[in-house]
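Peer 1: Would you mind keeping the following structure in view while I ask a few things?
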Amino acid sequence: MIDEQLQRLVRAEEEWKNELKVGSKGAVFSEDLDIEIKPVYTPADLGGWDYLNSLGFPGQYPFTRGPYPEMSRHGPWRYSIFSGFGSAEDTNARWKMLYEAGQRSLNLAPDLPTHLGLDSDHPMAYEEVGRVGMAVDTIRDFEILFEGLPLDELPFSTNVEALAPLIIAMYIAVAEKKGIPAGKLSGTISNDPLSTAAGKQTVVFPLASCVRLSADLIEFCTKNLPRFYPINLKGVNMREGGCSMVQEMGFVFSFACTYLDECLIRGLDIDEVAPKFSFFCCQGLHIFEEAAKYRASRRLWGSLMKEKYGAQKRESMLFRFTSICNPREFHAELPEINLVRGACGILAAALGGAQGMLHPAFDETYAIPSERSCLLALASQQVIAEETNINKTVDPLGGSYYVEYLTNLLEEKIAAKMQEVVNYGGPVKAIEDGYIQKQILENFLKEEEAVNSGKKVVVGKNKYKVAQEEPDLELHIHDQESAQRQIQRTLQIKAERDNGAVQASLARLKSAAETGENVMPYLIECSKNYVSLGEMTGALQEVFGRYREPRVI
Amino acid sequence: MKRRLRVLIAKPGLDGHDLGAKLIARALIGSGAEVVYTGRQQSPEQVVEAAIQEDVQVIGLSYLSGAHVGLTGKIMESLKERGLEKEFKVVVGGVIPKQDIPALERMGVSKVFPSGSPVAEIVSFFGSLQT
């Protein structure tokens with residue numbers, strides 16, 4: 001729009017405000033973005049906005065409207081479901097059942113000791129073996145897990161962070177032992193220790209070593225497992241841990257650049273490695289802000305890859321994401337109403353252009369989601385994807401003055417947050433000093449206070465309360481016998497395996513860790529020799545040391 | 001005269017969700033208490049050692065993974081073995097089903113605050129344990 005027209009518009013808006021006393025009831029604020037929200041938005045709020053430069057067409061640079069030309073017009077986004085409790089035998093039986101029912105992917109949830117590199121027989125694993133997922137100690141557990149399943153046909157995915165290289169080494173080892181070459185394997189793993197350390201869990205190695213190991217896995221997969229996606233950045237870990245939408249994307253993009261830089265230093269080409277990067281994000285219920293966040297993220301990531309990293313290939317510039325509605329938005333009071341909250345979260349992600357979604361069950365804040373509540377979570381996605389017509393055209397919010405304004409603002413704020421981390425000295429230092437965790441905690445406390453004070457309305461909790469009996473929590477009964485069997489199995493393997501080969505392969509692993517050689521081939525060799533996850537972790541800790549978590553309160 | 005309330009907030013076990021622990025820590029600091037936070041992934045022994053070294057009056061344990069009965073049991077045993085069960089008051093919070101509360105109280109836990117308990121109530125209870 002030409003200047004003269006814009007000036008006329010600005011004057012008309014002033015006249016409108018004066019004539020109709022607009023704004024006399026006071027200002028309205030966005031807590032998410034720390035700004036005053038205007039009563040109405042016009043082209044005058046978009047500054048130098050230009051359709052082709054700012055939006056373009058979906059599937060084309062700068063990808064604001066979507067990474068793909070038709071997005072979900074011809075089929076819904078990918079519906080994902082959580083799975084995985086119990087022993088390797090239980091998980092194998094469930095996977096076979098799901099496979100026969102037509103599911104074509106395998107998703108593994110490991111237990112807490114596995115995430116932290118503790119074998120089931122370690123004293124710290126007490127009470128936790130098999131509690132929130134499956135215990136993985138040695139390749140024997142994977143042999144049982146994958147028994148009778150076609151590994152080369154089924155994509156395998158799991159949320160493992162600092163120990164991702166170890167878990168994938170075991171996965172490759174079990175495939176190779178079955179005669180399936182690594183190159184045929186497909187799937188994805190999160191492999192994002194920085195988001196984990198900043199968010200919900202601690203990690204086992206100092207962060208610089210975590211980044212190096214993460215890059216070892218990315219490099220190895222780029223060269224040897226072309227169908228495998230070795231990194232899925234988890235802003236969700238920080239968002240569920242209390243951060244804001246700007247912090248989520250600003251932090252996670254700064255982490256992504258850290259892993260990328262580490263890969264590029266090794267001589268990988270940006271166009272080889274950038275297409276391997278995908279994201280797992282999280283949104284609340286503020287539909288327009290969250291949809292704008294995803295639009296802004298696509299534009300920012302696209303321009304970062306093209307302008308800063310010099311990517312040439314289209315696939316290198318795509319910000320692709322799976323998302324989840326933030327379970328922190330779900331409450332135990334009047335729990336069925338979480339279905340409506342969830343629907344708003346799904347809508348935000350759908351309008352933001354998600355490639356896939358997980359969705360929490362409405363009762364998961366206080367119970368083990370029942371079969372019915374899991375079904376409702378999936379069906380909620382299906383209704384919005386397939387009954388509402390929102391997918392008939394790509395990016396239906398595009399061109400809304402408000403949403404374009406929010407998209408511009410979010411892009412600016414996310415870029416500023418990334419720069420802030422760089423200025424601090426990079427993600428590794430910022431997390432090791434607790435700088436990022438402190439910001440996340442402050443935001444969490446601010447949001448808690450907003451609920452406590454009633455500034456943020458939570459229907460049934462701080463407003464429109466109805467008397468009702470509080471639902472009691474249910475927890476999984478921990479199967480102590482199954483845990484004992486797991487411990488016995490691991491102890492037996494440790495006694496019966498070729499311990500000479502174990503020591504020799506561990507020595508080679510340590511030597512590679514020391515010299516900076518890619519550790520993946522040595523981890524695979526260890527796995528084939530039944531070296532345990534805890535032993536590999538221990539050997540790497542002897543070289544790298546341990547992560548010292550800053551105590552932020 | 002009562003000395004200033006000094007509290008250890010601890011995350012025993014392997015679970016990493018520590019927002020609840022931090023929320024309570026902050027609220028206690030806001031009420032004038034001195035708070036030491038152990039960080040995550042603490043063994044029962046580490047929790048007891050920290051309580052002794054930091055010379056606290058109250059130990060607050062936060063759990064979300066479901067391992068609260070076993071881990072609290074180990075902490076209470078360790079206190080007893082050292083003859084310190086009278087020295088420290090123990091408070092438990094987090095994702096705790098009602099049915100587990102009697103077992104925790106029998107072990108000697110002063111009070112259990114399941115998730116959703118008002119923060120003000122928790123802070124005032126800690127205040128009542130001042131010695």
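Ordered as shown in the structure tokens, chains take letters A, B, and onward, while each chain numbers its residues from 1 and ligands are numbered from 1 in the order shown.
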Taking only C-alpha atoms into account, what are the residues of chain A at most 9 Å from chain B, put as a count of residues only?

Peer 2: 35

Peer 1: Can you pull out every residue within 9 Å of Asn529 (chain A), counting only C-alpha atoms, but drop anything in the same chain fewer than 6 positions away, and send it as a PyMOL selection string?

Peer 2: chain A and resi 139+497-499+501-502+505

Peer 1: Mind checking which residues fall within 9 Å of Pro39 (chain A), counting only C-alpha atoms, ignoring those fewer than 2 positions away in the same chain, and posting them as a list in words?

Peer 2: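 Counting only the stated atoms, we get Val22, Gly23, Ala27, Val28, Ile37 and Tyr41 of chain A.
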
Peer 1: Could those residues be written to a file, using N, CA and C atoms, as a CSV table (one decimal), in the first residue's frame?

Peer 2:
chain,number,residue,atom,x,y,z
A,22,VAL,N,-13.6,4.8,21.2
A,22,VAL,CA,-13.0,3.5,21.3
A,22,VAL,C,-11.8,3.6,22.2
A,23,GLY,N,-11.7,2.6,23.1
A,23,GLY,CA,-10.6,2.6,24.1
A,23,GLY,C,-10.9,3.2,25.4
A,27,ALA,N,-7.2,-0.3,28.4
A,27,ALA,CA,-6.4,-1.1,27.4
A,27,ALA,C,-6.6,-2.6,27.7
A,28,VAL,N,-6.3,-3.4,26.6
A,28,VAL,CA,-6.4,-4.9,26.7
A,28,VAL,C,-5.0,-5.4,26.4
A,37,ILE,N,-3.0,-5.1,23.1
A,37,ILE,CA,-3.7,-5.5,21.9
A,37,ILE,C,-4.7,-4.4,21.5
A,41,TYR,N,-7.2,-4.3,13.9
A,41,TYR,CA,-5.9,-4.1,13.1
A,41,TYR,C,-6.3,-3.8,11.6

Peer 1: Can you pull out every residue within 9 Å of Val109 (chain B), counting only C-alpha atoms, but drop anything in the same chain fewer than 4 positions away, and send it as an NGL selection string?

Peer 2: :B and (72 or 76 or 89-92 or 104-105)

Peer 1: Quick one: residues within 10 Å of Ile337 (chain A), only C-alpha atoms counted, chain neighbours fewer than 5 positions away excluded, as a short mmCIF file (atom, residue, chain, number, x, y, z; two decimals) with N, CA, C and O atoms, in the first residue's frame?

Peer 2:
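Output file out_29.cif is given in full below:
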data_model
loop_
_atom_site.label_atom_id
_atom_site.label_comp_id
_atom_site.auth_asym_id
_atom_site.auth_seq_id
_atom_site.Cartn_x
_atom_site.Cartn_y
_atom_site.Cartn_z
N PHE A 330 -4.51 -28.16 31.04
CA PHE A 330 -5.58 -29.05 31.49
C PHE A 330 -5.64 -29.03 33.02
O PHE A 330 -4.62 -28.98 33.69
N HIS A 331 -6.87 -29.09 33.55
CA HIS A 331 -7.04 -29.00 35.00
C HIS A 331 -7.94 -30.10 35.51
O HIS A 331 -8.75 -30.65 34.77
N ALA A 332 -7.77 -30.40 36.81
CA ALA A 332 -8.51 -31.51 37.41
C ALA A 332 -9.95 -31.12 37.75
O ALA A 332 -10.81 -31.98 37.88
N GLY A 342 -8.68 -28.76 24.79
CA GLY A 342 -7.86 -29.51 23.84
C GLY A 342 -8.22 -29.18 22.40
O GLY A 342 -7.35 -29.03 21.56
N PHE A 362 -8.02 -36.00 28.28
CA PHE A 362 -8.56 -34.95 29.17
C PHE A 362 -8.34 -35.23 30.64
O PHE A 362 -8.34 -34.33 31.46
N ASP A 363 -8.14 -36.51 30.99
CA ASP A 363 -8.01 -36.87 32.40
C ASP A 363 -6.56 -37.09 32.83
O ASP A 363 -6.31 -37.53 33.93
N VAL A 459 -11.83 -21.80 33.87
CA VAL A 459 -13.22 -22.10 34.19
C VAL A 459 -13.29 -23.35 35.07
O VAL A 459 -12.67 -24.37 34.80
N GLY A 460 -14.02 -23.21 36.16
CA GLY A 460 -14.20 -24.34 37.07
C GLY A 460 -13.13 -24.36 38.16
O GLY A 460 -13.28 -25.04 39.16
#

Peer 1: Could you tell me how far CA of Leu46 (chain A) lies from CA of Tyr402 (chain A), in Å and to one decimal?

Peer 2: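 Separation between CA of Leu46 (chain A) and CA of Tyr402 (chain A): 8.9 Å.
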
Peer 1: Based on the backbone DSSP call, show me all residues of region 19-124 of chain B assigned strand (DSSP E), as a CSV table (one decimal) with N, CA and C atoms, in the first residue's frame.

Peer 2:
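selection.csv written:
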chain,number,residue,atom,x,y,z
B,34,GLU,N,14.5,-19.9,54.9
B,34,GLU,CA,15.7,-20.2,54.1
B,34,GLU,C,15.5,-21.6,53.5
B,35,VAL,N,15.7,-21.6,52.2
B,35,VAL,CA,15.5,-22.8,51.4
B,35,VAL,C,16.7,-23.3,50.7
B,36,VAL,N,17.0,-24.6,50.9
B,36,VAL,CA,18.1,-25.2,50.1
B,36,VAL,C,17.4,-26.2,49.2
B,37,TYR,N,17.7,-26.2,47.9
B,37,TYR,CA,17.2,-27.1,46.9
B,37,TYR,C,18.3,-28.1,46.5
B,58,VAL,N,13.2,-28.9,58.4
B,58,VAL,CA,12.1,-29.6,57.7
B,58,VAL,C,12.7,-30.1,56.3
B,59,ILE,N,12.3,-31.3,55.9
B,59,ILE,CA,12.7,-31.9,54.6
B,59,ILE,C,11.4,-32.0,53.8
B,60,GLY,N,11.4,-31.3,52.7
B,60,GLY,CA,10.2,-31.4,51.8
B,60,GLY,C,10.6,-32.3,50.6
B,61,LEU,N,9.8,-33.3,50.4
B,61,LEU,CA,10.1,-34.3,49.3
B,61,LEU,C,9.0,-34.2,48.2
B,62,SER,N,9.5,-34.0,47.0
B,62,SER,CA,8.5,-33.9,45.9
B,62,SER,C,8.6,-35.0,44.9
B,63,TYR,N,7.5,-35.6,44.6
B,63,TYR,CA,7.5,-36.8,43.7
B,63,TYR,C,6.4,-36.7,42.6
B,89,LYS,N,11.5,-32.9,60.5
B,89,LYS,CA,10.1,-33.1,60.1
B,89,LYS,C,10.2,-33.4,58.6
B,90,VAL,N,9.4,-34.3,58.1
B,90,VAL,CA,9.3,-34.6,56.7
B,90,VAL,C,7.9,-34.4,56.1
B,91,VAL,N,7.9,-33.6,55.0
B,91,VAL,CA,6.7,-33.3,54.4
B,91,VAL,C,6.8,-33.8,52.9
B,92,VAL,N,5.7,-34.4,52.4
B,92,VAL,CA,5.7,-35.0,51.1
B,92,VAL,C,4.7,-34.3,50.2
B,93,GLY,N,5.1,-34.0,49.0
B,93,GLY,CA,4.1,-33.4,48.0
B,93,GLY,C,4.3,-33.9,46.6
B,94,GLY,N,3.3,-33.7,45.8
B,94,GLY,CA,3.3,-34.1,44.4
B,94,GLY,C,2.2,-34.9,44.0
B,111,LYS,N,3.1,-34.6,57.1
B,111,LYS,CA,1.9,-34.2,56.3
B,111,LYS,C,2.2,-34.5,54.8
B,112,VAL,N,1.1,-34.9,54.1
B,112,VAL,CA,1.2,-35.1,52.7
B,112,VAL,C,0.3,-34.1,51.9
B,113,PHE,N,0.9,-33.4,51.0
B,113,PHE,CA,0.1,-32.5,50.2
B,113,PHE,C,0.0,-32.9,48.7
B,114,PRO,N,-1.1,-33.6,48.3
B,114,PRO,CA,-1.2,-34.0,47.0
B,114,PRO,C,-1.3,-32.8,46.0

Peer 1: Show me, as a list of chain:residue names, the residues that have an atom within 7 Å of Ser323 (chain A) when counting only C-alpha atoms, minus same-chain residues fewer than 3 positions from it.

Peer 2: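 Answer for this query is A:Phe280, A:Cys281, A:Cys282, A:Ala349, A:Ala354, A:Gly356, A:Met357, A:Leu358.
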
Peer 1: With N, CA and C atoms retained, could you export that selection as an mmCIF file, in the first residue's frame?

Peer 2:
data_model
loop_
_atom_site.group_PDB
_atom_site.id
_atom_site.type_symbol
_atom_site.label_atom_id
_atom_site.label_comp_id
_atom_site.auth_asym_id
_atom_site.auth_seq_id
_atom_site.Cartn_x
_atom_site.Cartn_y
_atom_site.Cartn_z
ATOM 1 N N PHE A 280 9.487 -30.538 17.564
ATOM 2 C CA PHE A 280 8.317 -30.962 18.325
ATOM 3 C C PHE A 280 7.950 -29.798 19.240
ATOM 4 N N CYS A 281 6.831 -29.163 18.932
ATOM 5 C CA CYS A 281 6.460 -27.936 19.646
ATOM 6 C C CYS A 281 5.200 -28.151 20.473
ATOM 7 N N CYS A 282 4.796 -27.097 21.130
ATOM 8 C CA CYS A 282 3.720 -27.191 22.102
ATOM 9 C C CYS A 282 2.947 -25.881 22.073
ATOM 10 N N ALA A 349 -2.865 -25.444 16.400
ATOM 11 C CA ALA A 349 -1.786 -26.138 15.683
ATOM 12 C C ALA A 349 -2.183 -26.392 14.233
ATOM 13 N N ALA A 354 0.532 -27.698 11.356
ATOM 14 C CA ALA A 354 1.300 -28.815 11.924
ATOM 15 C C ALA A 354 1.338 -30.004 10.956
ATOM 16 N N GLY A 356 2.061 -33.077 12.235
ATOM 17 C CA GLY A 356 1.594 -34.197 13.039
ATOM 18 C C GLY A 356 1.199 -33.691 14.413
ATOM 19 N N MET A 357 0.393 -34.458 15.120
ATOM 20 C CA MET A 357 -0.001 -34.053 16.482
ATOM 21 C C MET A 357 -0.098 -35.257 17.393
ATOM 22 N N LEU A 358 0.342 -35.025 18.614
ATOM 23 C CA LEU A 358 0.006 -35.886 19.738
ATOM 24 C C LEU A 358 -1.045 -35.100 20.496
#

Peer 1: Report as a list in words all protein, DNA and RNA residues lying within 10 Å of Trp301 (chain A), evaluated on only C-alpha atoms, omitting residues in the same chain fewer than 3 positions from it.

Peer 2: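 Once the nearby chain positions are removed, what remains is Pro62, Phe63, Thr64, Phe253, Ala296, Ser297, Arg298, Leu304, Met305, Lys306, Glu307, Ser316, Met317, Leu318, Phe319, Arg320, Glu411 and Ala415 of chain A.
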
Peer 1: Next, the residues of the selection above should be written as a CSV table (one decimal), in the first residue's frame with N, CA, C and O atoms.

Peer 2:
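Written file, out16.csv:
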chain,number,residue,atom,x,y,z
A,62,PRO,N,9.2,-17.6,1.5
A,62,PRO,CA,9.8,-17.9,2.8
A,62,PRO,C,9.0,-18.9,3.6
A,62,PRO,O,9.2,-19.0,4.8
A,63,PHE,N,8.0,-19.6,3.0
A,63,PHE,CA,7.3,-20.7,3.7
A,63,PHE,C,6.4,-20.3,4.8
A,63,PHE,O,5.9,-21.2,5.6
A,64,THR,N,6.1,-19.0,4.9
A,64,THR,CA,5.2,-18.6,6.0
A,64,THR,C,3.8,-19.4,5.9
A,64,THR,O,3.3,-19.7,7.0
A,253,PHE,N,15.4,-22.7,18.6
A,253,PHE,CA,16.2,-22.4,17.4
A,253,PHE,C,17.6,-22.2,17.7
A,253,PHE,O,18.5,-22.5,16.9
A,296,ALA,N,5.4,-17.6,12.0
A,296,ALA,CA,6.6,-16.8,12.2
A,296,ALA,C,7.8,-17.8,12.2
A,296,ALA,O,8.9,-17.5,11.6
A,297,SER,N,7.7,-18.9,12.8
A,297,SER,CA,8.8,-19.9,12.9
A,297,SER,C,9.2,-20.4,11.6
A,297,SER,O,10.4,-20.6,11.3
A,298,ARG,N,8.2,-20.7,10.7
A,298,ARG,CA,8.6,-21.1,9.4
A,298,ARG,C,9.3,-20.1,8.6
A,298,ARG,O,10.3,-20.4,7.9
A,304,LEU,N,16.7,-18.1,8.0
A,304,LEU,CA,18.0,-18.4,8.6
A,304,LEU,C,18.8,-19.4,7.8
A,304,LEU,O,20.0,-19.3,7.6
A,305,MET,N,18.1,-20.5,7.3
A,305,MET,CA,18.8,-21.5,6.6
A,305,MET,C,19.3,-20.9,5.2
A,305,MET,O,20.4,-21.2,4.8
A,306,LYS,N,18.5,-20.1,4.6
A,306,LYS,CA,18.9,-19.6,3.3
A,306,LYS,C,19.9,-18.5,3.4
A,306,LYS,O,21.0,-18.6,2.8
A,307,GLU,N,19.6,-17.5,4.3
A,307,GLU,CA,20.5,-16.3,4.3
A,307,GLU,C,21.7,-16.6,5.1
A,307,GLU,O,22.8,-16.3,4.7
A,316,SER,N,16.0,-28.0,2.8
A,316,SER,CA,16.8,-27.5,3.9
A,316,SER,C,16.2,-26.4,4.7
A,316,SER,O,16.6,-26.0,5.8
A,317,MET,N,15.2,-25.7,4.0
A,317,MET,CA,14.7,-24.5,4.6
A,317,MET,C,13.3,-24.7,5.3
A,317,MET,O,12.7,-23.7,5.7
A,318,LEU,N,12.9,-25.9,5.3
A,318,LEU,CA,11.5,-26.2,5.9
A,318,LEU,C,11.5,-26.4,7.4
A,318,LEU,O,12.2,-27.2,7.9
A,319,PHE,N,10.7,-25.6,8.0
A,319,PHE,CA,10.4,-25.8,9.4
A,319,PHE,C,9.2,-26.7,9.5
A,319,PHE,O,8.1,-26.3,9.1
A,320,ARG,N,9.5,-28.0,9.9
A,320,ARG,CA,8.4,-28.9,10.0
A,320,ARG,C,8.2,-29.3,11.4
A,320,ARG,O,9.2,-29.5,12.1
A,411,GLU,N,8.0,-13.1,15.0
A,411,GLU,CA,9.2,-13.4,14.3
A,411,GLU,C,10.3,-12.5,14.9
A,411,GLU,O,11.4,-13.0,15.2
A,415,ALA,N,13.4,-14.0,17.1
A,415,ALA,CA,14.8,-13.7,16.7
A,415,ALA,C,15.6,-13.0,17.8
A,415,ALA,O,16.8,-13.3,18.0

Peer 1: Would you mind writing down, as an MDAnalysis selection string, each residue of region 344-524 of chain A that DSSP on the backbone assigns to helix (DSSP H, G or I)?

Peer 2: chainID A and resid 344:352 371:386 401:424 427:432 435:453 480:496 499:515 520:524

Peer 1: B:Glu45, B:Glu121, B:Asp100, B:Asp55: which is nearest Ser31 (chain B), counting only C-alpha atoms?

Peer 2: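 The answer is B:Glu121, which sits nearest to Ser31 (chain B).
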
Peer 1: Mind pulling up the distance from CA of Ser244 (chain A) to CA of Glu442 (chain A)?

Peer 2: 10.0 Å
